[in-house]
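Undergrad: First the structure, which I've put down as structure tokens, then a few questions once you've had a look.
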Amino acid sequence: MSSKIKGTYKAQSAAAGVAPREDANPRASRRARGGSATRMVPVPSQSIVPERDADKDPILECRHLGIDFGGLRAVDDFNLMIGRTEIAGLIGPNGAGKTTVFNLLTKVYQPTRGTILLDGVDTANMDTAKVSQAGIARTFQNIRLFDSLTVEDNVRIGLHNQVPCGMWSGMFRLPRHWLSEKEFHDKSLELLDVFNMADNADDIAGSLPYGAQRRLEIVRALATNPKLLLLDEPAAGMNPSETAELMDNIVRIRDMFNIAVLLIEHDMDLVMGICEGIAVLNFGKIIAKGTPAQIQNDPQVIEAYLGKQDES
């Protein structure tokens, strides 16, 4: 990582009260920073957030959120609060409505009812572009890169909402345009360097190995300068070593960028290893919220995943 970006993130982390990640032992670090090691405290809205975020406004609050597709109530009475630097998990069986929730948060779907507050601001009148500018970025279950473009160009696309020059500067190649191009180039390389991908900047995105494409998609999301990063099944298709690296990267993202992360994932080792608060969705409704230890022992969660035990 470049000394410039490392110094910036250390300063930001110190200001936000989040210690930068310096651990020499990644596995020990995961155990230390995992959900089981974080003290979660109640807040007035009957939710829990990490103790370090208790005195700050939540970055995301969903109130009675829901959406209907014709006669199907896909999500109903969804209530969730996420602390400003929390790593949260949204889990549940296939078809529970998890990705639909992500689509509601990013305004791919407009809610039928309910309220979404992003950093205290109601997103009711926002579309997908406005939500991105407001501070929500996401990745997808299936990788959605621009395969024929270079790695750097994929990241630069994520910087589009920070363009400082106007249409005329771009059309006539005025000095402001060339200054912006240099700034975007430098910023893209800095972000790639965080994930040891700066040397791949000129590679075609579609030629990268699967794990590297997953990392690139996360880098592109971070380029939008989010307050909340949504990861939809980020470990899908990864082998155990790639998943372990992903766990380290997610914690590093939180620590370096001082943002919240909400992830959907079926890999329970990953979820229980790094998530601090977890919500469980089943048939469009939250059936449990709590710490990893609480979720693992919740009878409703066990029933949702394994079915109801036959008492006969």
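Chains: A, B, ... in order of the structure tokens. Residues: from 1 per chain. Ligands: from 1, in order shown.
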Quick one: contact table of region 138-195 of chain A to region 75-99 of chain A, 12 Å max, nearest atom pair and distance in Å to one decimal per residue, counting only C-alpha atoms, chain and number order, as JSON lines?

TA:
{"residue": "A:Arg138", "atom": "CA", "partner": "A:Thr99", "partner_atom": "CA", "distance": 11.0}
{"residue": "A:Thr139", "atom": "CA", "partner": "A:Thr99", "partner_atom": "CA", "distance": 10.9}
{"residue": "A:Phe140", "atom": "CA", "partner": "A:Thr99", "partner_atom": "CA", "distance": 8.9}
{"residue": "A:Gln141", "atom": "CA", "partner": "A:Thr99", "partner_atom": "CA", "distance": 8.6}
{"residue": "A:Asn142", "atom": "CA", "partner": "A:Thr99", "partner_atom": "CA", "distance": 11.8}

Undergrad: Determine which residues of region 31-249 of chain A receive a DSSP assignment of alpha helix (DSSP H), computed from the backbone, and state them as a PyMOL selection string.

TA: chain A and resi 31-33+98-105+128-134+151-158+167-171+175-194+210-222+240-249

Undergrad: Include C-alpha atoms and write out the residues we just selected as an mmCIF file, in the first residue's frame.

TA:
data_model
loop_
_atom_site.group_PDB
_atom_site.id
_atom_site.type_symbol
_atom_site.label_atom_id
_atom_site.label_comp_id
_atom_site.auth_asym_id
_atom_site.auth_seq_id
_atom_site.Cartn_x
_atom_site.Cartn_y
_atom_site.Cartn_z
ATOM 1 C CA ARG A 31 -10.858 -13.889 16.094
ATOM 2 C CA ALA A 32 -10.113 -10.622 17.864
ATOM 3 C CA ARG A 33 -12.274 -8.520 15.550
ATOM 4 C CA LYS A 98 -32.252 -10.936 1.129
ATOM 5 C CA THR A 99 -31.279 -9.650 -2.315
ATOM 6 C CA THR A 100 -34.673 -7.966 -2.564
ATOM 7 C CA VAL A 101 -33.725 -5.977 0.552
ATOM 8 C CA PHE A 102 -30.494 -4.897 -1.160
ATOM 9 C CA ASN A 103 -32.514 -3.860 -4.212
ATOM 10 C CA LEU A 104 -34.755 -1.779 -1.957
ATOM 11 C CA LEU A 105 -31.816 -0.104 -0.252
ATOM 12 C CA THR A 128 -30.265 4.493 -7.900
ATOM 13 C CA ALA A 129 -27.874 7.252 -8.984
ATOM 14 C CA LYS A 130 -28.887 9.538 -6.127
ATOM 15 C CA VAL A 131 -28.525 6.728 -3.595
ATOM 16 C CA SER A 132 -25.038 6.037 -4.903
ATOM 17 C CA GLN A 133 -24.127 9.697 -4.539
ATOM 18 C CA ALA A 134 -25.648 9.717 -1.053
ATOM 19 C CA VAL A 151 -8.830 -3.087 -14.385
ATOM 20 C CA GLU A 152 -8.083 0.620 -13.955
ATOM 21 C CA ASP A 153 -10.949 1.663 -16.214
ATOM 22 C CA ASN A 154 -13.367 -0.417 -14.135
ATOM 23 C CA VAL A 155 -12.276 1.471 -11.025
ATOM 24 C CA ARG A 156 -12.419 4.844 -12.814
ATOM 25 C CA ILE A 157 -16.052 4.150 -13.686
ATOM 26 C CA GLY A 158 -16.733 3.968 -9.966
ATOM 27 C CA MET A 167 -19.383 18.818 -19.893
ATOM 28 C CA TRP A 168 -17.611 21.657 -21.699
ATOM 29 C CA SER A 169 -14.282 20.922 -20.029
ATOM 30 C CA GLY A 170 -14.564 17.344 -21.210
ATOM 31 C CA MET A 171 -15.685 18.200 -24.738
ATOM 32 C CA PRO A 175 -6.989 22.030 -18.432
ATOM 33 C CA ARG A 176 -9.570 21.062 -15.784
ATOM 34 C CA HIS A 177 -10.299 17.902 -17.774
ATOM 35 C CA TRP A 178 -6.675 16.778 -17.888
ATOM 36 C CA LEU A 179 -6.220 17.557 -14.201
ATOM 37 C CA SER A 180 -9.274 15.386 -13.421
ATOM 38 C CA GLU A 181 -7.887 12.558 -15.550
ATOM 39 C CA LYS A 182 -4.646 12.604 -13.572
ATOM 40 C CA GLU A 183 -6.524 12.704 -10.265
ATOM 41 C CA PHE A 184 -8.664 9.720 -11.294
ATOM 42 C CA HIS A 185 -5.628 7.769 -12.459
ATOM 43 C CA ASP A 186 -3.818 8.357 -9.167
ATOM 44 C CA LYS A 187 -6.909 7.563 -7.089
ATOM 45 C CA SER A 188 -7.580 4.363 -9.025
ATOM 46 C CA LEU A 189 -4.036 3.107 -8.462
ATOM 47 C CA GLU A 190 -4.234 3.964 -4.762
ATOM 48 C CA LEU A 191 -7.442 1.983 -4.344
ATOM 49 C CA LEU A 192 -6.053 -0.961 -6.295
ATOM 50 C CA ASP A 193 -2.915 -0.857 -4.175
ATOM 51 C CA VAL A 194 -5.002 -1.393 -1.040
ATOM 52 C CA TYR A 210 -12.235 -15.392 -10.160
ATOM 53 C CA GLY A 211 -11.029 -14.208 -6.755
ATOM 54 C CA ALA A 212 -9.307 -11.176 -8.279
ATOM 55 C CA GLN A 213 -12.498 -10.250 -10.148
ATOM 56 C CA ARG A 214 -14.377 -10.344 -6.852
ATOM 57 C CA ARG A 215 -11.791 -8.025 -5.301
ATOM 58 C CA LEU A 216 -11.989 -5.685 -8.294
ATOM 59 C CA GLU A 217 -15.752 -5.421 -7.945
ATOM 60 C CA ILE A 218 -15.299 -4.402 -4.308
ATOM 61 C CA VAL A 219 -12.616 -1.850 -5.273
ATOM 62 C CA ARG A 220 -14.951 -0.357 -7.870
ATOM 63 C CA ALA A 221 -17.694 -0.064 -5.228
ATOM 64 C CA LEU A 222 -15.265 1.644 -2.846
ATOM 65 C CA PRO A 240 -11.282 -21.773 1.548
ATOM 66 C CA SER A 241 -8.066 -19.779 1.123
ATOM 67 C CA GLU A 242 -9.818 -17.131 -0.992
ATOM 68 C CA THR A 243 -12.611 -16.936 1.608
ATOM 69 C CA ALA A 244 -10.069 -16.440 4.412
ATOM 70 C CA GLU A 245 -8.466 -13.630 2.405
ATOM 71 C CA LEU A 246 -11.902 -12.107 1.805
ATOM 72 C CA MET A 247 -12.584 -12.074 5.553
ATOM 73 C CA ASP A 248 -9.363 -10.143 6.104
ATOM 74 C CA ASN A 249 -10.256 -7.731 3.301
#

Undergrad: Residues at most 8 Å from region 48-59 of chain A, counting only C-alpha atoms, excluding those fewer than 2 positions away in the same chain, as an mmCIF file with C-alpha atoms, in the first residue's frame?

TA:
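Just written: result.cif:
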data_model
loop_
_atom_site.group_PDB
_atom_site.id
_atom_site.type_symbol
_atom_site.label_atom_id
_atom_site.label_comp_id
_atom_site.auth_asym_id
_atom_site.auth_seq_id
_atom_site.Cartn_x
_atom_site.Cartn_y
_atom_site.Cartn_z
ATOM 1 C CA GLY A 17 -12.116 5.902 16.972
ATOM 2 C CA THR A 38 -17.433 -6.998 19.847
ATOM 3 C CA ARG A 39 -19.656 -5.807 22.644
ATOM 4 C CA MET A 40 -23.083 -4.956 21.268
ATOM 5 C CA VAL A 41 -25.236 -2.528 23.246
ATOM 6 C CA PRO A 42 -28.956 -1.712 23.034
ATOM 7 C CA VAL A 43 -30.121 1.631 21.663
ATOM 8 C CA GLN A 46 -34.799 -1.722 20.366
ATOM 9 C CA GLU A 61 -32.107 2.675 9.621
ATOM 10 C CA MET A 81 -30.307 -0.427 12.268
ATOM 11 C CA ILE A 82 -26.588 -0.464 11.415
ATOM 12 C CA GLY A 83 -23.899 1.415 13.333
ATOM 13 C CA ARG A 84 -21.521 3.733 11.531
ATOM 14 C CA THR A 85 -18.592 1.279 11.549
ATOM 15 C CA GLU A 86 -20.459 -1.990 11.983
ATOM 16 C CA LEU A 117 -32.841 6.563 6.424
ATOM 17 C CA LEU A 118 -29.273 6.809 5.173
ATOM 18 C CA ASP A 119 -27.174 8.834 7.607
ATOM 19 C CA GLY A 120 -30.409 10.373 8.853
ATOM 20 C CA LYS A 227 -20.710 5.316 3.746
ATOM 21 C CA LEU A 228 -22.301 1.869 3.556
ATOM 22 C CA ALA A 260 -20.221 0.194 7.623
ATOM 23 C CA GLU A 276 -20.905 -8.094 14.789
ATOM 24 C CA GLY A 277 -24.673 -7.962 14.421
ATOM 25 C CA GLY A 290 -28.533 -10.433 17.626
#

Undergrad: Can you measure CA of Gly307 (chain A) to CA of Leu270 (chain A) for me? One decimal in Å is fine.

TA: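 Answer for the CA of Gly307 (chain A) to CA of Leu270 (chain A) separation: 22.6 Å.
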
Undergrad: Work out how far CA of Thr106 (chain A) is from CA of Ala201 (chain A), in Å to one decimal.

TA: 28.1 Å

Undergrad: Could you state the separation of CA of Thr224 (chain A) and CA of Ile259 (chain A) in Å, given to one decimal place?

TA: 12.4 Å

Undergrad: Pick from A:Tyr305, A:Phe195, A:Phe283, A:Phe146: nearest to Met268 (chain A), with only C-alpha atoms counted?

TA: A:Tyr305

Undergrad: Go through A:Ala223, A:Glu265, A:Ser47, A:Tyr109 and flag the residue nearest Leu65 (chain A), using only C-alpha atoms for the distances.

TA: A:Tyr109
